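Here is the structure we will look at.
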Amino acid sequence: MRKIHAVILCLICTGRAVAAQDTLLPQTSVNSPSQQSALSEAAGLLVLDYEKITLTNGGKFDLFGAHYLHQLNDWLYFGAGLSGPLVEGNYGGFFSADVTLHAQKRVFGNWFVDAGVAVGAGAGGSSVKNILALSGDGAYIKKYFGLGYGLENFNIGVNYATVGISNSPINDSTLNFYIQKPVSYSVGSYADSGNTLSPWDSSYRDNESIVSFEYDHVSQINPTGKYTGDIGLVSPQYSQFFNDDDYWFVGLDLGYSGLIWYNQAQGGIGRRISLTPNINLYGQLGVGTGGWVTDTINTGPGLVVYPKVRAEYQWNNILGAYFSAGYFFAPKGTSKNWTLGAGINYHFTDGAQGGIADAGHDSVLRGVRLNLFDRQLFNVYSNGKKIDNLNLAAVQLDYNFNGNWYVPFQIAAATNDFKGYAGYVEGLVGLGWQSDLFFADKFQGFAQVMYGLNDIGINPTYEVGGLLNPAIGINYSLSEKYAIYGQVGKTVSLDQFLKPNFTNSFENFSVGLGLTYRFTSPNREAR
């Protein structure tokens with residue numbers, strides 16, 4: 001079984017829900033001056049941290065982490081993130097994903113104290129066999145406390161941290177160094193989804209942001225690992241412009257063919273050159289961590305560098321299609337790869353290039369739900385044999401695009417082992433329908449169908465193919481922004497029905513329970 005996927009966070013770290021905006025929204029009118037929008041300021045912290053770990057068997061390991069922490073009150077934060085190795089050890093492809101409860105309080109001057117706990121899942125290894133030794137049961141926990149100092153635009157600090165995975169040699173107390181960037185952005189009430197903001201009544205200006213969905217074909221250059229073939233990647237990316245032309249980004253690369261669940265996560269900077277109103281060129285440089293297991297794809301300790309260029313044709317102010325070419329390599333490993341890809345850009349608000357502040361064109365408030373929940377799999381059958389139940393930590397982002405319809409994206413990773421291996425993960429995307437609020441505006445029902453893949457085997461002969469996951473559920477309102485989330489679902493693999501002589505299968509029932517954070521984000525209307 002492969003390593004846990006960084007993607008759990010991704011959708012948290014890269015989604016519009018946590019995008020830092022340098023320009024805050026004032027209160028603006030909806031449809032007419034007498035109708036006021038419920039836009040309000042939300043705040044949080046973007047956190048990068050690094051620690052070196054000595055394994056209990058004496059080996060070397062390090063973890064570089066990226067988290068978003070949403071501010072709940074003046075001292076308490078809740079969020080999620082991922083961590084992966086960079087330059088220590090030989091475990092390229094290892095990832096941990098967690099949810100974090102963080103407390104931070106100023107004590108005197110610019111000094112503050114902080115403490116927190118992060119729980120989640122993690123897995124990886126230098127080989128398939130080594131996953132058993134390095135990753136244990138896969139249940140990850142980190143506890144920390146320390147001291148920080150606030151500078152003009154960011155905070156720095158150091159924590160004393162304990163980091164461990166159950167029944168794993170990853171179990172150490174160490175110093176954790178971090179940098180924080182306080183961010184703020186504006187959100188509207190989820191109940192206002194579908195309403196418009198009039199540009200004549202709004203002084204809203206904001207740099208552009210882009211969500212990209214890309215397919216990449218990876219060709220390995222003189223591979224030295226056990227896998228020497230090509231890889232098909234699905235590559236979502238979030239880009240935030242900090243002026244008209246320059247942007248920072250975070251992105252993921254997820255293997256869905258060739259080497260299923262190969263994974264990378266990277267961040268970096270880029271620049272756009274507009275040749276015509278409809279044709280744009282992009283160049284970017286990403287640095288991150290990734291791989292599979294080291295003897296299969298040799299990224300060494302995990303550090304990956306990834307320059308890429310894109311050529312986009314923009315149909316309207318929202319959608320653009322592009323081709324891409326890139327080259328990624330592992331400086332401390334032997335992996336070198338060319339990539340060719342094609343994708344879609346979804347353009348959000350901007351001020352300088354005809355965004356929602358343009359006179360005569362409105363923006364629309366789109367509903368977003370971020371669901372964090374525990375998903376229990378019961379009656380789990382693999383190739384017709386019943387196995388132990390699985391406990392998944394799940395993250396689902398629901399984007400309301402038209403009336404009651406929404407697109408759900410879900411990543412879920414197991415916090416216990418699957419057939420003895422840590423790192424079981426599922427990735428799903430689909431279509432959903434939600435009801436209007438009912439019973440005193442407390443309940444909202446939904447039904448959804450998703451398709452995706454899971455990480456079920458240690459080599460392609462164990463793969464079960466695509467998964468179909470229908471589910472129904474409810475949200476019970478606790479407040480305007482928060483709700484209790486619950487769902488029941490069924491998962492069944494499809495290739496057993498679609499391919500002749502295909503015998504691998506996987507199915508289960510599931511129950512999910514957790515918390516929803518919901519809001520609206522102002523986006524462009526097409527023109």
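Chain labels follow the order of the structure tokens: the first chain is A, the next B, and so on; residue numbering restarts at 1 in every chain, and ligands are counted from 1 in their shown order.
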Mind checking DSSP for segment 318-505 of chain A and telling me the helix (DSSP H, G or I) residues as a list in words?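 The residues of segment 318-505 of chain A classed as helix (DSSP H, G or I) are Pro460, Thr461, Tyr462, Asp495, Gln496, Phe497 and Leu498 of chain A.
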Could you turn the residues from that selection into a file that holds N, CA and C atoms, as a JSON list (two decimals), in the first residue's frame?
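Output below, filename out_3.json:
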```
[["chain", "number", "residue", "atom", "x", "y", "z"],
["A", 460, "PRO", "N", 0.03, -2.70, -9.51],
["A", 460, "PRO", "CA", -1.16, -2.57, -10.35],
["A", 460, "PRO", "C", -2.05, -3.80, -10.42],
["A", 461, "THR", "N", -1.52, -4.98, -10.13],
["A", 461, "THR", "CA", -2.36, -6.19, -10.21],
["A", 461, "THR", "C", -3.44, -6.21, -9.15],
["A", 462, "TYR", "N", -3.32, -5.36, -8.12],
["A", 462, "TYR", "CA", -4.31, -5.32, -7.06],
["A", 462, "TYR", "C", -5.36, -4.23, -7.28],
["A", 495, "ASP", "N", -15.00, -1.49, -12.41],
["A", 495, "ASP", "CA", -14.35, -2.29, -13.45],
["A", 495, "ASP", "C", -14.77, -3.75, -13.42],
["A", 496, "GLN", "N", -15.20, -4.24, -12.26],
["A", 496, "GLN", "CA", -15.67, -5.63, -12.19],
["A", 496, "GLN", "C", -16.90, -5.84, -13.07],
["A", 497, "PHE", "N", -17.65, -4.77, -13.35],
["A", 497, "PHE", "CA", -18.82, -4.87, -14.22],
["A", 497, "PHE", "C", -18.53, -4.45, -15.65],
["A", 498, "LEU", "N", -17.51, -3.61, -15.85],
["A", 498, "LEU", "CA", -17.27, -3.01, -17.16],
["A", 498, "LEU", "C", -16.22, -3.73, -17.98]]
```
8 Å contact set for segment 422-425 of chain A, only C-alpha atoms, chain neighbours under 3 positions out, as a VMD selection string: chain A and resid 1 to 5 121 to 124 131 to 132 135 to 138 411 to 418 454 to 456
Using only C-alpha atoms, find each residue in segment 186-281 of chain A having at least one atom no more than 7 Å away from segment 517-524 of chain A; report its shortest atom-to-atom pair and that distance in Å (one decimal), rows by chain then rising number, as CSV.
```
residue,atom,partner,partner_atom,distance
A:Val187,CA,A:Ser521,CA,5.6
A:Gly188,CA,A:Thr520,CA,4.7
A:Ser189,CA,A:Phe519,CA,5.3
A:Tyr190,CA,A:Phe519,CA,4.4
A:Ser193,CA,A:Thr520,CA,6.0
```
Please dump the current selection as a compact mmCIF listing (two decimals), in the first residue's frame; keep C-alpha atoms.
```
# COMPACT_ATOMS: atom_id res chain seq x y z
CA VAL A 187 -17.01 36.22 2.92
CA GLY A 188 -20.77 36.46 2.64
CA SER A 189 -23.62 34.55 4.19
CA TYR A 190 -24.20 31.11 2.68
CA SER A 193 -25.63 32.24 -2.58
```
Just the residues within 6 Å of segment 214-228 of chain A, please, counting only C-alpha atoms, with nothing from its chain fewer than 4 positions along; format it as a PyMOL selection string. chain A and resi 232-235+295-298+336-343
One decimal, in Å: what's the spacing between atom CA of Leu55 of chain A and atom CA of Ser168 of chain A?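 Straight-line distance from atom CA of Leu55 of chain A to atom CA of Ser168 of chain A works out to 8.8 Å.
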Give me the residues near Gly65 of chain A as a list in words, where near means some atom within 7 Å (using only C-alpha atoms) and where sequence neighbours in that chain fewer than 6 positions away do not count.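 Residues near the query, excluding close chain neighbours: Leu48, Asp49, Tyr50, Leu82, Ser83 and Gly84 of chain A.
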Residues as selected, N, CA and C atoms, written as a CSV table (one decimal), in the first residue's frame, can you do that?
```
chain,number,residue,atom,x,y,z
A,48,LEU,N,4.1,28.0,7.5
A,48,LEU,CA,5.2,27.1,7.0
A,48,LEU,C,6.1,26.7,8.2
A,49,ASP,N,6.4,25.4,8.3
A,49,ASP,CA,7.2,25.0,9.4
A,49,ASP,C,8.1,23.9,9.0
A,50,TYR,N,9.2,23.7,9.8
A,50,TYR,CA,10.2,22.7,9.4
A,50,TYR,C,10.8,22.1,10.7
A,82,LEU,N,-0.5,19.8,5.5
A,82,LEU,CA,0.2,18.6,5.1
A,82,LEU,C,1.7,18.8,5.4
A,83,SER,N,2.4,17.7,5.5
A,83,SER,CA,3.8,17.7,5.7
A,83,SER,C,4.5,16.6,4.8
A,84,GLY,N,5.7,16.9,4.4
A,84,GLY,CA,6.5,15.9,3.6
A,84,GLY,C,7.9,16.2,3.8
```
Spatial neighbours of Ser126 of chain A, 9 Å, only C-alpha atoms, chain gap at least 5 places, as a PyMOL selection string: chain A and resi 90-94+131+134+292-296+298+300
Quick one: write out the picked residues with C-alpha atoms as a CSV table (one decimal), in the first residue's frame?
```
chain,number,residue,atom,x,y,z
A,90,ASN,CA,15.4,8.4,1.7
A,91,TYR,CA,11.6,8.4,1.9
A,92,GLY,CA,10.5,10.5,-1.2
A,93,GLY,CA,6.7,10.2,-1.4
A,94,PHE,CA,6.0,10.2,2.3
A,131,ILE,CA,6.1,1.1,4.4
A,134,LEU,CA,8.4,3.2,8.7
A,292,TRP,CA,5.8,7.2,-4.6
A,293,VAL,CA,8.2,4.9,-2.7
A,294,THR,CA,11.8,5.6,-3.3
A,295,ASP,CA,12.9,2.3,-5.0
A,296,THR,CA,10.0,2.7,-7.5
A,298,ASN,CA,13.7,7.7,-7.0
A,300,GLY,CA,15.6,10.5,-2.8
```
Could I get the residues of segment 229-282 of chain A with an atom no further than 10 Å from an atom of segment 318-328 of chain A, each paired with its nearest atom pair and that distance in Å to one decimal, using only C-alpha atoms, sorted by chain and residue number, as CSV?
```
residue,atom,partner,partner_atom,distance
A:Asn278,CA,A:Gly320,CA,8.6
A:Ile279,CA,A:Gly320,CA,9.1
A:Asn280,CA,A:Tyr322,CA,9.0
A:Leu281,CA,A:Tyr322,CA,9.2
A:Tyr282,CA,A:Ser324,CA,9.1
```
Could those selected residues go to a file with N, CA and C atoms, as a PDB file, in the first residue's frame?
```
ATOM      1  N   ASN A 278      -7.207  37.800 -25.434  1.00  0.00           N
ATOM      2  CA  ASN A 278      -7.634  36.419 -25.248  1.00  0.00           C
ATOM      3  C   ASN A 278      -6.497  35.425 -25.101  1.00  0.00           C
ATOM      4  N   ILE A 279      -5.265  35.821 -25.354  1.00  0.00           N
ATOM      5  CA  ILE A 279      -4.139  34.886 -25.340  1.00  0.00           C
ATOM      6  C   ILE A 279      -3.144  35.301 -24.261  1.00  0.00           C
ATOM      7  N   ASN A 280      -2.851  34.374 -23.343  1.00  0.00           N
ATOM      8  CA  ASN A 280      -1.932  34.619 -22.237  1.00  0.00           C
ATOM      9  C   ASN A 280      -0.861  33.538 -22.186  1.00  0.00           C
ATOM     10  N   LEU A 281       0.338  33.942 -21.842  1.00  0.00           N
ATOM     11  CA  LEU A 281       1.424  33.009 -21.561  1.00  0.00           C
ATOM     12  C   LEU A 281       1.755  33.073 -20.075  1.00  0.00           C
ATOM     13  N   TYR A 282       2.035  31.916 -19.478  1.00  0.00           N
ATOM     14  CA  TYR A 282       2.384  31.825 -18.062  1.00  0.00           C
ATOM     15  C   TYR A 282       3.699  31.074 -17.919  1.00  0.00           C
TER      16      TYR A 282
END
```
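Of the residues listed (A:Leu303, A:Ala43, A:Ile269, A:Val107), A:Leu303 shows the shortest atom-to-atom separation from Val87 of chain A; distances use only C-alpha atoms.
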